file data-v1.cif (mmCIF, C-alpha atoms)
data_query
loop_
_atom_site.label_atom_id
_atom_site.label_comp_id
_atom_site.auth_asym_id
_atom_site.auth_seq_id
_atom_site.Cartn_x
_atom_site.Cartn_y
_atom_site.Cartn_z
CA MET O 10 0.00 0.00 0.00
CA GLY O 11 2.80 2.42 0.76
CA LYS O 12 0.96 5.01 2.83
CA SER O 13 -0.07 4.27 6.39
CA VAL O 14 -1.84 5.98 9.24
CA LEU O 15 -2.19 5.28 12.94
CA VAL O 16 -5.76 5.47 14.23
CA ALA O 17 -5.71 5.92 18.00
CA GLY O 18 -9.02 4.73 19.37
CA GLY O 19 -9.66 2.96 16.08
CA ALA O 20 -11.83 0.21 17.54
CA GLY O 21 -14.46 2.72 18.65
CA TYR O 22 -17.47 3.90 16.67
CA ILE O 23 -15.94 6.84 14.82
CA GLY O 24 -12.52 5.22 14.67
CA SER O 25 -13.75 2.03 13.04
CA HIS O 26 -15.82 3.95 10.47
CA THR O 27 -12.81 6.12 9.68
CA THR O 28 -10.66 2.99 9.38
CA VAL O 29 -13.07 1.63 6.75
CA GLU O 30 -12.79 4.81 4.70
CA LEU O 31 -9.00 4.94 5.03
CA ILE O 32 -8.68 1.35 3.80
CA LYS O 33 -11.03 2.10 0.90
CA ALA O 34 -8.77 5.08 0.04
CA GLY O 35 -5.73 2.80 -0.10
CA TYR O 36 -4.16 3.38 3.31
CA GLU O 37 -2.61 0.76 5.52
CA VAL O 38 -4.20 1.31 8.93
CA ILE O 39 -2.66 0.59 12.31
CA VAL O 40 -5.29 0.67 15.05
CA VAL O 41 -4.29 1.29 18.66
CA ASP O 42 -7.02 0.96 21.26
CA ASN O 43 -7.15 -0.07 24.91
CA LEU O 44 -10.70 -1.40 24.42
CA SER O 45 -11.96 0.51 27.48
CA ASN O 46 -14.67 2.20 25.44
CA SER O 47 -14.81 -0.05 22.38
CA ASP O 48 -14.87 -3.66 21.27
CA ARG O 49 -12.52 -5.83 19.24
CA SER O 50 -15.51 -7.00 17.16
CA SER O 51 -15.54 -3.63 15.38
CA LEU O 52 -12.35 -4.74 13.62
CA GLU O 53 -14.19 -7.82 12.34
CA GLY O 54 -16.77 -5.42 10.93
CA VAL O 55 -14.03 -3.42 9.21
CA GLU O 56 -12.70 -6.62 7.66
CA LYS O 57 -16.16 -7.71 6.56
CA ILE O 58 -16.74 -4.39 4.78
CA THR O 59 -13.28 -3.91 3.26
CA GLY O 60 -11.81 -7.39 3.02
CA VAL O 61 -8.82 -6.09 4.99
CA ARG O 62 -8.20 -6.59 8.67
CA PRO O 63 -6.26 -3.60 10.00
CA THR O 64 -3.21 -4.16 12.17
CA PHE O 65 -4.39 -3.99 15.77
CA ILE O 66 -2.36 -3.21 18.89
CA GLU O 67 -4.10 -3.29 22.24
CA ALA O 68 -2.47 -0.45 24.12
CA ASP O 69 -3.37 2.63 26.12
CA CYS O 70 -2.39 5.86 24.37
CA CYS O 71 -1.47 7.32 27.77
CA ASP O 72 1.19 4.59 28.17
CA ARG O 73 4.27 6.25 26.74
CA GLU O 74 6.36 3.07 26.52
CA ALA O 75 3.60 1.08 24.82
CA MET O 76 3.11 3.90 22.33
CA ARG O 77 6.87 4.19 21.82
CA ARG O 78 6.90 0.54 20.73
CA VAL O 79 4.14 1.33 18.20
CA PHE O 80 6.11 4.27 16.81
CA GLU O 81 9.25 2.11 16.59
CA SER O 82 7.44 -0.78 14.89
CA TYR O 83 5.38 0.99 12.24
CA ASP O 84 6.25 3.59 9.62
CA PHE O 85 3.26 5.95 9.58
CA GLN O 86 3.47 9.69 9.03
CA SER O 87 0.01 10.58 10.32
CA VAL O 88 -2.10 9.96 13.40
CA ILE O 89 -5.83 10.34 13.74
CA HIS O 90 -6.64 10.71 17.43
CA PHE O 91 -10.00 9.34 18.60
CA ALA O 92 -8.70 7.89 21.90
CA ALA O 93 -10.84 9.81 24.37
CA PHE O 94 -13.60 9.17 26.85
CA LYS O 95 -16.77 10.78 25.54
CA ALA O 96 -19.70 10.63 27.97
CA VAL O 97 -20.59 14.11 29.18
CA GLY O 98 -22.53 12.88 32.23
CA GLU O 99 -19.80 10.49 33.30
CA SER O 100 -17.25 13.29 32.96
CA VAL O 101 -19.16 15.30 35.56
CA ASN O 102 -19.02 12.36 37.98
CA GLU O 103 -15.44 11.32 37.14
CA PRO O 104 -13.60 14.46 36.00
CA LEU O 105 -10.08 13.24 36.82
CA LYS O 106 -10.59 10.13 34.70
CA TYR O 107 -11.46 12.40 31.76
CA TYR O 108 -8.67 14.91 32.32
CA HIS O 109 -6.09 12.16 32.62
CA ASN O 110 -7.12 10.10 29.60
CA ASN O 111 -8.24 12.80 27.20
CA LEU O 112 -5.25 15.07 27.75
CA MET O 113 -2.46 12.58 28.42
CA SER O 114 -3.30 10.46 25.39
CA LEU O 115 -2.94 13.54 23.18
CA ILE O 116 0.22 14.79 24.89
CA THR O 117 1.86 11.37 24.64
CA ILE O 118 1.09 11.14 20.93
CA LEU O 119 2.28 14.70 20.26
CA GLU O 120 5.55 14.08 22.10
CA LEU O 121 6.17 10.90 20.13
CA LEU O 122 5.24 12.51 16.81
CA ARG O 123 7.89 15.09 17.50
CA GLU O 124 10.48 12.60 18.78
CA TYR O 125 10.05 10.31 15.77
CA HIS O 126 9.84 13.17 13.23
CA ARG O 127 6.32 12.37 12.14
CA ALA O 128 4.42 15.41 11.01
CA ASN O 129 0.64 15.05 10.94
CA ILE O 130 -2.15 14.74 13.46
CA LEU O 131 -5.89 15.02 13.07
CA PHE O 132 -7.57 15.49 16.45
CA SER O 133 -11.16 14.49 17.08
CA SER O 134 -12.59 17.43 18.98
CA SER O 135 -16.23 18.19 19.67
CA ALA O 136 -18.90 20.83 19.25
CA THR O 137 -18.95 20.97 23.06
CA VAL O 138 -16.09 23.48 22.74
CA TYR O 139 -18.71 26.08 21.82
CA GLY O 140 -20.31 25.82 25.28
CA ASP O 141 -23.74 27.43 25.40
CA ALA O 142 -23.56 29.36 22.15
CA ASP O 143 -25.28 32.73 21.99
CA LYS O 144 -26.53 32.12 18.47
CA LEU O 145 -27.73 29.02 16.65
CA PRO O 146 -26.92 27.36 14.42
CA VAL O 147 -23.29 27.06 15.45
CA THR O 148 -20.75 27.61 12.67
CA GLU O 149 -16.97 27.35 12.56
CA GLN O 150 -16.88 31.10 13.23
CA THR O 151 -18.84 30.73 16.48
CA PRO O 152 -16.56 31.69 19.37
CA ARG O 153 -15.71 29.14 22.02
CA LYS O 154 -17.35 29.74 25.37
CA SER O 155 -16.78 28.14 28.74
CA ALA O 156 -17.31 24.41 28.57
CA THR O 157 -20.34 23.01 30.36
CA SER O 158 -18.68 19.73 31.39
CA PRO O 159 -15.25 18.30 32.12
CA TYR O 160 -15.54 16.42 28.79
CA GLY O 161 -16.02 19.68 26.90
CA ASN O 162 -13.23 21.28 28.89
CA THR O 163 -10.82 18.48 27.90
CA LYS O 164 -11.67 19.10 24.26
CA GLN O 165 -11.02 22.84 24.64
CA MET O 166 -7.74 22.20 26.44
CA ALA O 167 -6.69 19.60 23.88
CA GLU O 168 -7.34 22.05 21.03
CA ASP O 169 -5.18 24.61 22.82
CA ILE O 170 -2.40 22.04 23.36
CA LEU O 171 -2.57 21.05 19.69
CA ARG O 172 -2.50 24.68 18.51
CA ASP O 173 0.44 25.60 20.74
CA THR O 174 2.38 22.49 19.71
CA VAL O 175 1.88 23.05 15.99
CA GLU O 176 2.91 26.69 16.36
CA ALA O 177 6.03 25.83 18.40
CA TYR O 178 7.49 23.01 16.32
CA GLU O 179 8.32 23.58 12.69
CA GLY O 180 7.11 20.87 10.37
CA MET O 181 4.31 19.64 12.62
CA ASN O 182 0.81 19.85 11.16
CA GLY O 183 -2.40 19.49 13.12
CA ILE O 184 -6.09 20.00 12.69
CA ALA O 185 -9.02 19.61 15.05
CA LEU O 186 -12.41 18.51 13.76
CA ARG O 187 -15.43 19.68 15.74
CA TYR O 188 -18.63 17.79 15.16
CA PHE O 189 -21.92 17.12 16.83
CA ASN O 190 -23.35 13.63 17.25
CA PRO O 191 -21.75 11.55 14.51
#
call {"tool": "encode", "arguments": {"input": "data-v1.cif", "output": "structure tokens"}}
result
Amino acid sequence: MGKSVLVAGGAGYIGSHTTVELIKAGYEVIVVDNLSNSDRSSLEGVEKITGVRPTFIEADCCDREAMRRVFESYDFQSVIHFAAFKAVGESVNEPLKYYHNNLMSLITILELLREYHRANILFSSSATVYGDADKLPVTEQTPRKSATSPYGNTKQMAEDILRDTVEAYEGMNGIALRYFNP
């Protein structure tokens, strides 16, 4: 295939659908997922649809040494980051779980992208970064407001981390996609 991409959180709903489209577009896909919020059977679904079973590594994206082994073992230039907890209500009850996972997984990947001279990251953000918008419908020009949950706050913070990292390190490219219920 020649071109490959790492999909962090690739066994989840959005990750597995993205994996299907990447394979259809000719990419070799390496999926990393700790299966805390997903299921290995999604990879069987990917294979059923595409005829290709993506490479799968069960690992936590917050685990720097596990992720280092992934970076050392596979030659991808891009990461798509879906490895985040996503339940707004749960984030209110377990904020530290959300702050730890949603921020550390991104930071770990950004550090390794830089260390291994890999350039590209697409970050799965959320429309929750708009908070309680003053005007509907929300557009990309709508200003961010205070988040209404720890989940939304992690997405705002992660966007800021991504922006600052891309601005600080020459050659690193990043984009955040904000969407509503996919």
call {"tool": "closest_residue", "arguments": {"input": "data-v1.cif", "among": "O:Asn43, O:Ser87, O:Ser51, O:Thr117", "to": "Glu67 (chain O)", "atoms": "only C-alpha atoms"}}
result
O:Asn43
call {"tool": "resolve_selection", "arguments": {"input": "data-v1.cif", "expression": "the PyMOL selection byres ((chain O and resi 186) around 12)", "output": "ChimeraX atom specification"}}
result
/O:89-91,130-138,149,164-165,167-168,171,183-185,187-189,191
call {"tool": "resolve_selection", "arguments": {"input": "data-v1.cif", "expression": "the PyMOL selection byres ((chain O and resi 20-28) around 10)", "output": "VMD selection string"}}
result
chain O and resid 14 to 19 29 to 34 36 to 56 59 62 to 63 65 67 89 to 93 133 191
call {"tool": "write_last_selection", "arguments": {"input": "data-v1.cif", "atoms": "C-alpha atoms", "output": "PDB file, in the coordinates of the input"}}
result
ATOM      1  CA  VAL O  14      -1.840   5.980   9.240  1.00  0.00           C
ATOM      2  CA  LEU O  15      -2.190   5.280  12.940  1.00  0.00           C
ATOM      3  CA  VAL O  16      -5.760   5.470  14.230  1.00  0.00           C
ATOM      4  CA  ALA O  17      -5.710   5.920  18.000  1.00  0.00           C
ATOM      5  CA  GLY O  18      -9.020   4.730  19.370  1.00  0.00           C
ATOM      6  CA  GLY O  19      -9.660   2.960  16.080  1.00  0.00           C
ATOM      7  CA  VAL O  29     -13.070   1.630   6.750  1.00  0.00           C
ATOM      8  CA  GLU O  30     -12.790   4.810   4.700  1.00  0.00           C
ATOM      9  CA  LEU O  31      -9.000   4.940   5.030  1.00  0.00           C
ATOM     10  CA  ILE O  32      -8.680   1.350   3.800  1.00  0.00           C
ATOM     11  CA  LYS O  33     -11.030   2.100   0.900  1.00  0.00           C
ATOM     12  CA  ALA O  34      -8.770   5.080   0.040  1.00  0.00           C
ATOM     13  CA  TYR O  36      -4.160   3.380   3.310  1.00  0.00           C
ATOM     14  CA  GLU O  37      -2.610   0.760   5.520  1.00  0.00           C
ATOM     15  CA  VAL O  38      -4.200   1.310   8.930  1.00  0.00           C
ATOM     16  CA  ILE O  39      -2.660   0.590  12.310  1.00  0.00           C
ATOM     17  CA  VAL O  40      -5.290   0.670  15.050  1.00  0.00           C
ATOM     18  CA  VAL O  41      -4.290   1.290  18.660  1.00  0.00           C
ATOM     19  CA  ASP O  42      -7.020   0.960  21.260  1.00  0.00           C
ATOM     20  CA  ASN O  43      -7.150  -0.070  24.910  1.00  0.00           C
ATOM     21  CA  LEU O  44     -10.700  -1.400  24.420  1.00  0.00           C
ATOM     22  CA  SER O  45     -11.960   0.510  27.480  1.00  0.00           C
ATOM     23  CA  ASN O  46     -14.670   2.200  25.440  1.00  0.00           C
ATOM     24  CA  SER O  47     -14.810  -0.050  22.380  1.00  0.00           C
ATOM     25  CA  ASP O  48     -14.870  -3.660  21.270  1.00  0.00           C
ATOM     26  CA  ARG O  49     -12.520  -5.830  19.240  1.00  0.00           C
ATOM     27  CA  SER O  50     -15.510  -7.000  17.160  1.00  0.00           C
ATOM     28  CA  SER O  51     -15.540  -3.630  15.380  1.00  0.00           C
ATOM     29  CA  LEU O  52     -12.350  -4.740  13.620  1.00  0.00           C
ATOM     30  CA  GLU O  53     -14.190  -7.820  12.340  1.00  0.00           C
ATOM     31  CA  GLY O  54     -16.770  -5.420  10.930  1.00  0.00           C
ATOM     32  CA  VAL O  55     -14.030  -3.420   9.210  1.00  0.00           C
ATOM     33  CA  GLU O  56     -12.700  -6.620   7.660  1.00  0.00           C
ATOM     34  CA  THR O  59     -13.280  -3.910   3.260  1.00  0.00           C
ATOM     35  CA  ARG O  62      -8.200  -6.590   8.670  1.00  0.00           C
ATOM     36  CA  PRO O  63      -6.260  -3.600  10.000  1.00  0.00           C
ATOM     37  CA  PHE O  65      -4.390  -3.990  15.770  1.00  0.00           C
ATOM     38  CA  GLU O  67      -4.100  -3.290  22.240  1.00  0.00           C
ATOM     39  CA  ILE O  89      -5.830  10.340  13.740  1.00  0.00           C
ATOM     40  CA  HIS O  90      -6.640  10.710  17.430  1.00  0.00           C
ATOM     41  CA  PHE O  91     -10.000   9.340  18.600  1.00  0.00           C
ATOM     42  CA  ALA O  92      -8.700   7.890  21.900  1.00  0.00           C
ATOM     43  CA  ALA O  93     -10.840   9.810  24.370  1.00  0.00           C
ATOM     44  CA  SER O 133     -11.160  14.490  17.080  1.00  0.00           C
ATOM     45  CA  PRO O 191     -21.750  11.550  14.510  1.00  0.00           C
TER      46      PRO O 191
END
call {"tool": "residues_around", "arguments": {"input": "data-v1.cif", "residues": "Thr151 (chain O)", "least_positions_apart": "3", "cutoff": "8 Å", "atoms": "only C-alpha atoms", "output": "list in words"}}
result
Tyr139, Ala142, Val147 and Thr148 of chain O
call {"tool": "atom_distance", "arguments": {"input": "data-v1.cif", "atom1": "CA of Phe85 (chain O)", "atom2": "CA of Asn129 (chain O)"}}
result
9.6 Å
call {"tool": "atom_distance", "arguments": {"input": "data-v1.cif", "atom1": "CA of Val97 (chain O)", "atom2": "CA of Ser158 (chain O)"}}
result
6.3 Å
call {"tool": "resolve_selection", "arguments": {"input": "data-v1.cif", "expression": "the PyMOL selection byres ((chain O and resi 109) around 12)", "output": "MDAnalysis selection string"}}
result
chainID O and resid 69:72 92:94 100 103:108 110:117 159:160 163 166:167
call {"tool": "axis_aligned_box", "arguments": {"input": "data-v1.cif", "around": "region 73-85 of chain O", "padding_each_side": "5 Å", "output": "lines of an AutoDock Vina configuration file"}}
result
center_x = 6.2
center_y = 2.7
center_z = 18.2
size_x = 16.1
size_y = 17.0
size_z = 27.2
call {"tool": "atom_distance", "arguments": {"input": "data-v1.cif", "atom1": "CA of Phe80 (chain O)", "atom2": "CA of Lys95 (chain O)"}}
result
25.3 Å
call {"tool": "closest_residue", "arguments": {"input": "data-v1.cif", "among": "O:Glu120, O:Asn190, O:Asp143, O:Ala156", "to": "Val175 (chain O)", "atoms": "all atoms listed in the file"}}
result
O:Glu120
call {"tool": "closest_residue", "arguments": {"input": "data-v1.cif", "among": "O:Met76, O:Thr157, O:Ala96, O:Ala128", "to": "Asp141 (chain O)", "atoms": "all atoms listed in the file"}}
result
O:Thr157
